[in-house]
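Contents: one structure, followed by commentary.
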Amino acid sequence: MVVYDLICERNHRFEGWFPSFEGYQEQAAQGLISCPTCSTTDVEKLPHACAVHVKKEIDQRRPESPKATPPALSDAEAKEMLIRLNHYVREKFEDVGPRFAEEARAIFDGRSKKRSIHGTATQQDREELDEDGIPYAILPKPELDS
Ligand SMILES: [Zn+2]
């Protein structure tokens with residue numbers, strides 16, 4: 001499950017839940033993602049997401065679980081959850097910064113100690129991780145206005 005921070009052509013920001021990056025791409029290609037405020041389907045993904053690699057998801061032999069329906073969250077709930085998740089990740093996960101993709105791959109291959117890490121990944125890093133079936137999650141940074 002990935003959460004993307006999305007923005008429409010009129011600058012309304014909202015979050016979208018997708019089963020995977022491919023799931024997002026498919027829905028975007030088919031114009032299925034619309035802004036909850038103005039319903040335009042001219043929506044883009046904001047680039048500043050950070051990536052999280054969760055230790056317990058590493059077991060690659062487990063058959064893929066059925067795709068869950070994205071939970072319906074209000075904006076406030078989604079934001080609250082994101083803030084908590086960001087705090088949790090920052091406290092408990094090792095920060096590997098821009099080496100995220102490299103480290104996630106090393107852990108996946110067993111070259112590095114199994115642990116939970118967080119860091120940043122470029123679009124290309126993510127596509128490569130997707131291609132190799134290395135699990136990770138995208139965690140948008142909550143906006144701390146106020
Ligand atoms: Zn809008």
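In the structure tokens, each chain is lettered A, B, ... as it comes, each chain's residues begin at 1, and ligands are numbered from 1 in order of appearance.
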Taking only C-alpha atoms and all ligand atoms and a cut-off of 8 Å, can you tell me which residues surround ligand 1, written as a count of residues only? 14
Those in stretch 3-139 of chain A with strand (DSSP E or B) from DSSP, as number ranges by chain: A: 3-8, 13-18, 43-45, 49-53, 94-97, 117-119, 137-139
Would you kindly return, as a PyMOL selection string, each protein, DNA or RNA residue with an atom no farther than 12 Å from any atom of A:Tyr24, considering only C-alpha atoms and excluding same-chain residues fewer than 4 positions away? chain A and resi 1-6+15-20+28-33+43-45+138
Spatial neighbours of A:Thr122, 9 Å, only C-alpha atoms, chain gap at least 3 places, as a VMD selection string: chain A and resid 47 50 98 101 125 to 127
Of the candidates A:Asp42, A:Asp109, A:Glu103, A:Glu77, which shows the shortest atom-to-atom distance to A:Gly133, using only C-alpha atoms? A:Asp109
Near A:Gly97, counting only C-alpha atoms, which residues have an atom at most 9 Å away, once you skip same-chain residues fewer than 3 positions from it, shown as a PyMOL selection string? chain A and resi 100+118-121
Emit the selected residues as a compact mmCIF listing (two decimals), in the first residue's frame, including C-alpha atoms.
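Full text of part17.txt as output:
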# COMPACT_ATOMS: atom_id res chain seq x y z
CA PHE A 100 17.80 4.20 0.73
CA HIS A 118 13.92 5.12 6.01
CA GLY A 119 15.39 7.57 3.59
CA THR A 120 14.80 9.25 0.31
CA ALA A 121 14.43 7.61 -3.08
For A:Leu82, list every protein, DNA or RNA residue within 10 Å, evaluated using only C-alpha atoms, and leave out those in the same chain fewer than 2 positions away; present the list as a VMD selection string. chain A and resid 3 76 to 80 84 to 88 139 to 143
Give me, please, the distance in Å between atom CA of A:Lys114 and atom CA of A:Phe93, quoted to one decimal. 11.6 Å
I need the helix (DSSP H, G or I) residues of stretch 90-136 of chain A per DSSP on the backbone, written as a VMD selection string. chain A and resid 90 to 92 100 to 109 123 to 131
Restricted to N, CA and C atoms, what would the selected residues look like written as a short mmCIF file (atom, residue, chain, number, x, y, z; two decimals), in the first residue's frame?
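What ended up in again-v9.cif:
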data_model
loop_
_atom_site.label_atom_id
_atom_site.label_comp_id
_atom_site.auth_asym_id
_atom_site.auth_seq_id
_atom_site.Cartn_x
_atom_site.Cartn_y
_atom_site.Cartn_z
N ARG A 90 10.71 8.20 12.12
CA ARG A 90 11.93 8.94 12.46
C ARG A 90 12.55 8.42 13.75
N GLU A 91 11.69 8.00 14.69
CA GLU A 91 12.20 7.50 15.96
C GLU A 91 12.77 6.08 15.86
N LYS A 92 12.05 5.22 15.13
CA LYS A 92 12.37 3.79 15.20
C LYS A 92 13.19 3.27 14.03
N PHE A 100 18.93 5.08 0.44
CA PHE A 100 17.80 4.20 0.73
C PHE A 100 17.70 3.00 -0.20
N ALA A 101 17.71 3.25 -1.51
CA ALA A 101 17.49 2.17 -2.48
C ALA A 101 18.59 1.12 -2.35
N GLU A 102 19.83 1.60 -2.23
CA GLU A 102 20.99 0.73 -2.08
C GLU A 102 20.86 -0.16 -0.85
N GLU A 103 20.49 0.46 0.29
CA GLU A 103 20.36 -0.27 1.55
C GLU A 103 19.19 -1.26 1.49
N ALA A 104 18.06 -0.82 0.93
CA ALA A 104 16.88 -1.69 0.85
C ALA A 104 17.24 -2.94 0.06
N ARG A 105 18.01 -2.74 -1.01
CA ARG A 105 18.43 -3.85 -1.85
C ARG A 105 19.38 -4.77 -1.08
N ALA A 106 20.30 -4.18 -0.33
CA ALA A 106 21.27 -4.97 0.44
C ALA A 106 20.55 -5.82 1.49
N ILE A 107 19.56 -5.23 2.14
CA ILE A 107 18.80 -5.96 3.15
C ILE A 107 18.00 -7.08 2.48
N PHE A 108 17.40 -6.74 1.37
CA PHE A 108 16.59 -7.71 0.63
C PHE A 108 17.44 -8.89 0.18
N ASP A 109 18.63 -8.62 -0.28
CA ASP A 109 19.54 -9.67 -0.75
C ASP A 109 20.25 -10.40 0.38
N GLN A 123 12.67 8.86 -8.21
CA GLN A 123 11.71 8.13 -9.04
C GLN A 123 12.37 6.91 -9.66
N GLN A 124 13.59 7.09 -10.13
CA GLN A 124 14.29 5.98 -10.78
C GLN A 124 14.59 4.87 -9.79
N ASP A 125 15.03 5.24 -8.58
CA ASP A 125 15.28 4.24 -7.53
C ASP A 125 14.04 3.40 -7.32
N ARG A 126 12.89 4.09 -7.24
CA ARG A 126 11.64 3.40 -6.93
C ARG A 126 11.25 2.46 -8.06
N GLU A 127 11.45 2.91 -9.29
CA GLU A 127 11.11 2.03 -10.40
C GLU A 127 11.98 0.79 -10.38
N GLU A 128 13.25 0.97 -10.05
CA GLU A 128 14.15 -0.19 -9.99
C GLU A 128 13.77 -1.14 -8.87
N LEU A 129 13.40 -0.58 -7.73
CA LEU A 129 12.96 -1.41 -6.61
C LEU A 129 11.69 -2.17 -6.99
N ASP A 130 10.77 -1.48 -7.66
CA ASP A 130 9.53 -2.12 -8.11
C ASP A 130 9.84 -3.27 -9.06
N GLU A 131 10.74 -3.02 -9.99
CA GLU A 131 11.08 -4.05 -10.97
C GLU A 131 11.63 -5.30 -10.30
#
Suppose you want the space between atom CA of A:Phe14 and atom CA of A:Leu46; what is it in Å? 10.0 Å
